[in-house]
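A.B. asks: The following block contains the structure, expressed as structure tokens.
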Amino acid sequence: MTKIIEDSISGLEGIRTISSKSRQEKSEISIKFNMERDADNAAADVRDRVGRVRGALPDDVDEPVIAKVEANSTPIIFMSFYSDRHSPGEITDYLDRVIKDRFETISGVSQALILAGSTYSMRIWLDPVKLAARSLTVQDVENALRQQNIEVPGGRIESTAREFTILTDTGMNTVEEFENLILKNETGYLVRVRDVGRVEIGPENERQRLRSNGKTAVGIGIVKQSTANPLEISTAIRKILPEMKAGLPAGMSMDLNYDSSVFIQSSIDNVFKTIFEAVGMVVLVIFFFLR
């Protein structure tokens, strides 16, 4: 899959290097363009080339995500949120709805990234013994989900003055609806998902974990704009932190774990200190020399 996309984009104008990383369930391709190449046009060309080969990719592959990444896209400030009363999914939802937008409205902030977040999803746990007993496979369950969990057009209702579009919504949203999904008809007996497994609402991905002060946490990283001053961003963020902490849900806490401006300010202070020391030494040397 990675090679198909690489071959498609390799002929684009202005490419310096192409590198890729492939691992289970994920492929990442990084493209570096010459400085003279307009970033927006380059991204549009990449989208066009990837779109051309989308049909050659496996059907179960998610839609490729194409994003521009600046050289200075590393977060300059990192904060963690944790709670004894709220799950990582609930914390992630709160950060996405409330906190993320507040940070992104600060002048100079390019993006607030939620790190190690946990998004809710419907999870189906299949029992291989029960599947085998009913002559079913995981692929059969997947096919049933694709065929029955859909929204399809149902036509139109037209009049002389108005027109209404009809959608046949057969999508499933609750645990009970997924449990009742029909997989097979065995001589009048319907085999449903609940007969071969269990369904629950849980985190979409459990492979990432972040811990702060010994507790499972969800992080936010602040990425600055290319021309922004990190010291000014840090000052603005620290100014709103007391109000933000006071408004957190009961039982939720936050920590400021990393702030690059501390090291920047320390370096600046050391430079001034060195300058003052040098000036002092010069004055002393001149004073003793003139004596």
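The chains in the structure tokens are called A, B, ... from first to last as shown; in each chain the residues are counted from 1, and the ligands are counted from 1 in the order shown.
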With the cut-off set at 7 Å and counting only C-alpha atoms, tabulate each residue of range 162-269 of chain A with an atom at most that distance from an atom of range 97-112 of chain A, showing the nearest atom pair and its distance in Å to one decimal, ordered by chain and increasing number, as a tab-separated table.

C.D. replies:
```
residue	atom	partner	partner_atom	distance
A:Ile220	CA	A:Ala112	CA	6.3
A:Gly221	CA	A:Ala112	CA	5.6
A:Ile222	CA	A:Ala112	CA	4.7
A:Val223	CA	A:Gln111	CA	5.2
A:Lys224	CA	A:Val109	CA	4.5
A:Gln225	CA	A:Ser110	CA	4.7
A:Ala228	CA	A:Gly108	CA	4.9
A:Ile233	CA	A:Gly108	CA	6.4
```

A.B. asks: Show me, as a PyMOL selection string, the residues that have an atom within 10 Å of Gly89 in chain A when counting only C-alpha atoms, minus same-chain residues fewer than 5 positions from it.

C.D. replies: chain A and resi 94-95+117-121+202-204+218

A.B. asks: For those residues, write C-alpha atoms to a file as a PDB file, in the first residue's frame.

C.D. replies:
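Written out: out_25.pdb:
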```
ATOM      1  CA  TYR A  94     -13.907  17.831  27.635  1.00  0.00           C
ATOM      2  CA  LEU A  95     -10.576  18.962  26.200  1.00  0.00           C
ATOM      3  CA  GLY A 117      -6.578  10.989  23.903  1.00  0.00           C
ATOM      4  CA  SER A 118      -9.227   8.313  23.970  1.00  0.00           C
ATOM      5  CA  THR A 119     -12.149   8.581  21.543  1.00  0.00           C
ATOM      6  CA  TYR A 120     -15.285   6.552  22.200  1.00  0.00           C
ATOM      7  CA  SER A 121     -16.288   3.891  19.677  1.00  0.00           C
ATOM      8  CA  GLY A 202     -15.152   1.756  24.789  1.00  0.00           C
ATOM      9  CA  PRO A 203     -12.022   3.626  23.751  1.00  0.00           C
ATOM     10  CA  GLU A 204     -11.176   3.470  20.068  1.00  0.00           C
ATOM     11  CA  VAL A 218      -4.556  13.120  28.569  1.00  0.00           C
TER      12      VAL A 218
END
```

A.B. asks: Can you work out which one of A:Met122, A:Ile31, A:Ala217, A:Met79 has the shortest atom-to-atom distance to Ile18 in chain A, counting only C-alpha atoms?

C.D. replies: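 Residue with the minimum atom-to-atom distance to Ile18 in chain A: A:Ile31.
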
A.B. asks: Would you return as a ChimeraX atom specification the members of range 207-249 of chain A that DSSP assigns to alpha helix (DSSP H) on this structure's backbone?

C.D. replies: /A:230-246

A.B. asks: Closest to Gly214 in chain A among A:Thr74, A:Ser261, A:Ser80, A:Thr227, using only C-alpha atoms?

C.D. replies: A:Ser80

A.B. asks: Using CA of Asp7 in chain A and CA of Ser27 in chain A as the two end points, give the distance in Å to one decimal.

C.D. replies: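 For CA of Asp7 in chain A relative to CA of Ser27 in chain A, the distance reads 14.5 Å.
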
A.B. asks: Please list as an MDAnalysis selection string every residue within 9 Å of Asp40 in chain A, counting only C-alpha atoms and excluding residues in the same chain fewer than 4 positions away.

C.D. replies: chainID A and resid 44:45 68

A.B. asks: Would you save the residues of that selection, restricted to N, CA and C atoms, as a tab-separated table (two decimals), in the first residue's frame?

C.D. replies:
```tsv
chain	number	residue	atom	x	y	z
A	44	ALA	N	-2.07	20.42	-2.44
A	44	ALA	CA	-3.15	20.13	-3.39
A	44	ALA	C	-2.71	19.09	-4.41
A	45	ASP	N	-1.46	19.18	-4.87
A	45	ASP	CA	-0.95	18.20	-5.83
A	45	ASP	C	-0.86	16.81	-5.21
A	68	LYS	N	-0.30	19.44	6.03
A	68	LYS	CA	0.95	20.19	5.96
A	68	LYS	C	1.55	20.28	7.36
```

A.B. asks: Determine the nearest neighbour of Ile29 in chain A from the options A:Pro58, A:Gly188, A:Pro64, A:Gly155, counting only C-alpha atoms.

C.D. replies: A:Pro64

A.B. asks: Excluding same-chain residues fewer than 3 positions from Lys3 in chain A, what lies within 12 Å of it counting only C-alpha atoms, as an NGL selection string?

C.D. replies: :A and (6-10 or 18-22 or 27-29 or 50 or 53 or 56-57)

A.B. asks: Go ahead and write the residues just picked, N, CA and C atoms, as an mmCIF file, in the first residue's frame.

C.D. replies:
```cif
data_model
loop_
_atom_site.group_PDB
_atom_site.id
_atom_site.type_symbol
_atom_site.label_atom_id
_atom_site.label_comp_id
_atom_site.auth_asym_id
_atom_site.auth_seq_id
_atom_site.Cartn_x
_atom_site.Cartn_y
_atom_site.Cartn_z
ATOM 1 N N GLU A 6 3.637 5.967 -2.838
ATOM 2 C CA GLU A 6 4.951 6.541 -3.140
ATOM 3 C C GLU A 6 5.171 6.669 -4.646
ATOM 4 N N ASP A 7 4.826 5.636 -5.386
ATOM 5 C CA ASP A 7 4.996 5.677 -6.842
ATOM 6 C C ASP A 7 4.134 6.761 -7.468
ATOM 7 N N SER A 8 2.966 7.010 -6.873
ATOM 8 C CA SER A 8 2.049 8.001 -7.434
ATOM 9 C C SER A 8 2.559 9.428 -7.242
ATOM 10 N N ILE A 9 3.178 9.706 -6.093
ATOM 11 C CA ILE A 9 3.586 11.076 -5.780
ATOM 12 C C ILE A 9 5.042 11.368 -6.129
ATOM 13 N N SER A 10 5.791 10.348 -6.503
ATOM 14 C CA SER A 10 7.230 10.532 -6.705
ATOM 15 C C SER A 10 7.568 11.507 -7.831
ATOM 16 N N ILE A 18 11.575 11.838 -0.048
ATOM 17 C CA ILE A 18 10.371 11.095 0.357
ATOM 18 C C ILE A 18 10.820 9.996 1.309
ATOM 19 N N SER A 19 10.223 9.943 2.479
ATOM 20 C CA SER A 19 10.525 8.883 3.441
ATOM 21 C C SER A 19 9.218 8.287 3.947
ATOM 22 N N SER A 20 9.235 7.029 4.287
ATOM 23 C CA SER A 20 8.002 6.358 4.731
ATOM 24 C C SER A 20 8.295 5.423 5.891
ATOM 25 N N LYS A 21 7.280 5.235 6.724
ATOM 26 C CA LYS A 21 7.321 4.286 7.834
ATOM 27 C C LYS A 21 6.070 3.426 7.764
ATOM 28 N N SER A 22 6.252 2.127 7.709
ATOM 29 C CA SER A 22 5.114 1.202 7.640
ATOM 30 C C SER A 22 5.151 0.275 8.845
ATOM 31 N N SER A 27 0.535 3.502 8.001
ATOM 32 C CA SER A 27 1.627 3.863 7.099
ATOM 33 C C SER A 27 1.755 5.382 7.084
ATOM 34 N N GLU A 28 2.975 5.881 7.225
ATOM 35 C CA GLU A 28 3.230 7.314 7.202
ATOM 36 C C GLU A 28 4.239 7.637 6.099
ATOM 37 N N ILE A 29 3.897 8.599 5.268
ATOM 38 C CA ILE A 29 4.786 9.026 4.194
ATOM 39 C C ILE A 29 5.058 10.518 4.379
ATOM 40 N N VAL A 50 -2.838 11.211 -4.659
ATOM 41 C CA VAL A 50 -3.336 10.142 -3.775
ATOM 42 C C VAL A 50 -4.758 9.764 -4.170
ATOM 43 N N VAL A 53 -5.033 7.118 -6.955
ATOM 44 C CA VAL A 53 -4.745 5.705 -6.667
ATOM 45 C C VAL A 53 -5.585 5.184 -5.508
ATOM 46 N N ALA A 56 -6.999 1.789 -5.912
ATOM 47 C CA ALA A 56 -6.068 0.656 -5.919
ATOM 48 C C ALA A 56 -5.729 0.173 -4.516
ATOM 49 N N LEU A 57 -6.155 0.918 -3.504
ATOM 50 C CA LEU A 57 -5.897 0.526 -2.116
ATOM 51 C C LEU A 57 -6.967 -0.454 -1.637
#
```

A.B. asks: Extract, using only C-alpha atoms, all DNA, RNA and protein residues at most 6 Å from range 127-137 of chain A, discarding same-chain residues fewer than 2 positions from it, and format them as a tab-separated table (two decimals) with N, CA and C atoms, in the first residue's frame.

C.D. replies:
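See selection21.tsv below for the written result:
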```tsv
chain	number	residue	atom	x	y	z
A	139	GLN	N	-14.73	-12.17	8.84
A	139	GLN	CA	-15.08	-11.50	7.59
A	139	GLN	C	-16.59	-11.45	7.39
A	140	ASP	N	-17.28	-12.50	7.82
A	140	ASP	CA	-18.75	-12.51	7.72
A	140	ASP	C	-19.36	-11.40	8.57
A	196	VAL	N	-22.61	-14.55	19.12
A	196	VAL	CA	-21.22	-14.94	18.88
A	196	VAL	C	-20.21	-14.00	19.56
A	197	GLY	N	-20.72	-13.07	20.35
A	197	GLY	CA	-19.79	-12.15	21.01
A	197	GLY	C	-20.54	-11.14	21.86
```

A.B. asks: If you count only C-alpha atoms, which residues fall within 12 Å of range 265-273 of chain A, apart from same-chain ones fewer than 6 positions away, as a list in words?

C.D. replies: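 That gives Asn229, Pro230, Leu231, Glu232, Ser234, Thr235, Asp259, Val279 and Gly280 of chain A.
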
A.B. asks: If you keep N, CA and C atoms, can you produce a file of those selected residues as a PDB file, in the first residue's frame?

C.D. replies:
```pdb
ATOM      1  N   ASN A 229       6.169  34.607  18.935  1.00  0.00           N
ATOM      2  CA  ASN A 229       7.158  34.673  20.013  1.00  0.00           C
ATOM      3  C   ASN A 229       6.738  33.705  21.121  1.00  0.00           C
ATOM      4  N   PRO A 230       7.535  32.672  21.399  1.00  0.00           N
ATOM      5  CA  PRO A 230       7.144  31.691  22.433  1.00  0.00           C
ATOM      6  C   PRO A 230       7.029  32.303  23.820  1.00  0.00           C
ATOM      7  N   LEU A 231       7.799  33.353  24.112  1.00  0.00           N
ATOM      8  CA  LEU A 231       7.708  33.990  25.419  1.00  0.00           C
ATOM      9  C   LEU A 231       6.358  34.672  25.608  1.00  0.00           C
ATOM     10  N   GLU A 232       5.868  35.313  24.554  1.00  0.00           N
ATOM     11  CA  GLU A 232       4.559  35.978  24.640  1.00  0.00           C
ATOM     12  C   GLU A 232       3.438  34.947  24.755  1.00  0.00           C
ATOM     13  N   SER A 234       3.678  31.923  26.073  1.00  0.00           N
ATOM     14  CA  SER A 234       3.746  31.365  27.423  1.00  0.00           C
ATOM     15  C   SER A 234       3.111  32.305  28.438  1.00  0.00           C
ATOM     16  N   THR A 235       3.402  33.608  28.326  1.00  0.00           N
ATOM     17  CA  THR A 235       2.821  34.589  29.247  1.00  0.00           C
ATOM     18  C   THR A 235       1.299  34.602  29.151  1.00  0.00           C
ATOM     19  N   ASP A 259       7.508  23.801  29.529  1.00  0.00           N
ATOM     20  CA  ASP A 259       7.375  25.125  28.923  1.00  0.00           C
ATOM     21  C   ASP A 259       8.737  25.532  28.385  1.00  0.00           C
ATOM     22  N   VAL A 279      31.336  43.616  30.582  1.00  0.00           N
ATOM     23  CA  VAL A 279      31.466  45.071  30.729  1.00  0.00           C
ATOM     24  C   VAL A 279      32.134  45.418  32.052  1.00  0.00           C
ATOM     25  N   GLY A 280      31.763  44.721  33.109  1.00  0.00           N
ATOM     26  CA  GLY A 280      32.368  44.974  34.413  1.00  0.00           C
ATOM     27  C   GLY A 280      33.858  44.691  34.417  1.00  0.00           C
TER      28      GLY A 280
END
```

A.B. asks: Write down as a PyMOL selection string the residues of range 84-191 of chain A whose backbone DSSP state falls under strand (DSSP E or B).

C.D. replies: chain A and resi 109-115+120-126+151-158+163-169+182-186+189-191

A.B. asks: With distances taken over only C-alpha atoms, which residue among A:Leu12, A:Met252, A:Val193, A:Ile286 lies nearest Ser87 in chain A?

C.D. replies: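 Looking at the shortest contact to Ser87 in chain A, the residue is A:Met252.
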
A.B. asks: Considering only C-alpha atoms, state which residue in the set A:Arg156, A:Thr2, A:Glu277, A:Ile91 is at the smallest distance from Glu25 in chain A.

C.D. replies: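 Nearest to Glu25 in chain A: A:Thr2.
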
A.B. asks: Could you pull the residues within 6 Å of range 175-180 of chain A, counting only C-alpha atoms, minus those fewer than 3 positions along the same chain, as a list in words?

C.D. replies: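 In the requested format, the answer is Met172, Arg192, Val193 and Arg194 of chain A.
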
A.B. asks: Between CA of Pro242 in chain A and CA of Arg209 in chain A, what is the distance in Å, rounded to a tenth?

C.D. replies: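 About the pair CA of Pro242 in chain A and CA of Arg209 in chain A: they are 26.4 Å apart.
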
A.B. asks: Mind pulling up the distance from CA of Glu63 in chain A to CA of Ala42 in chain A?

C.D. replies: 19.2 Å
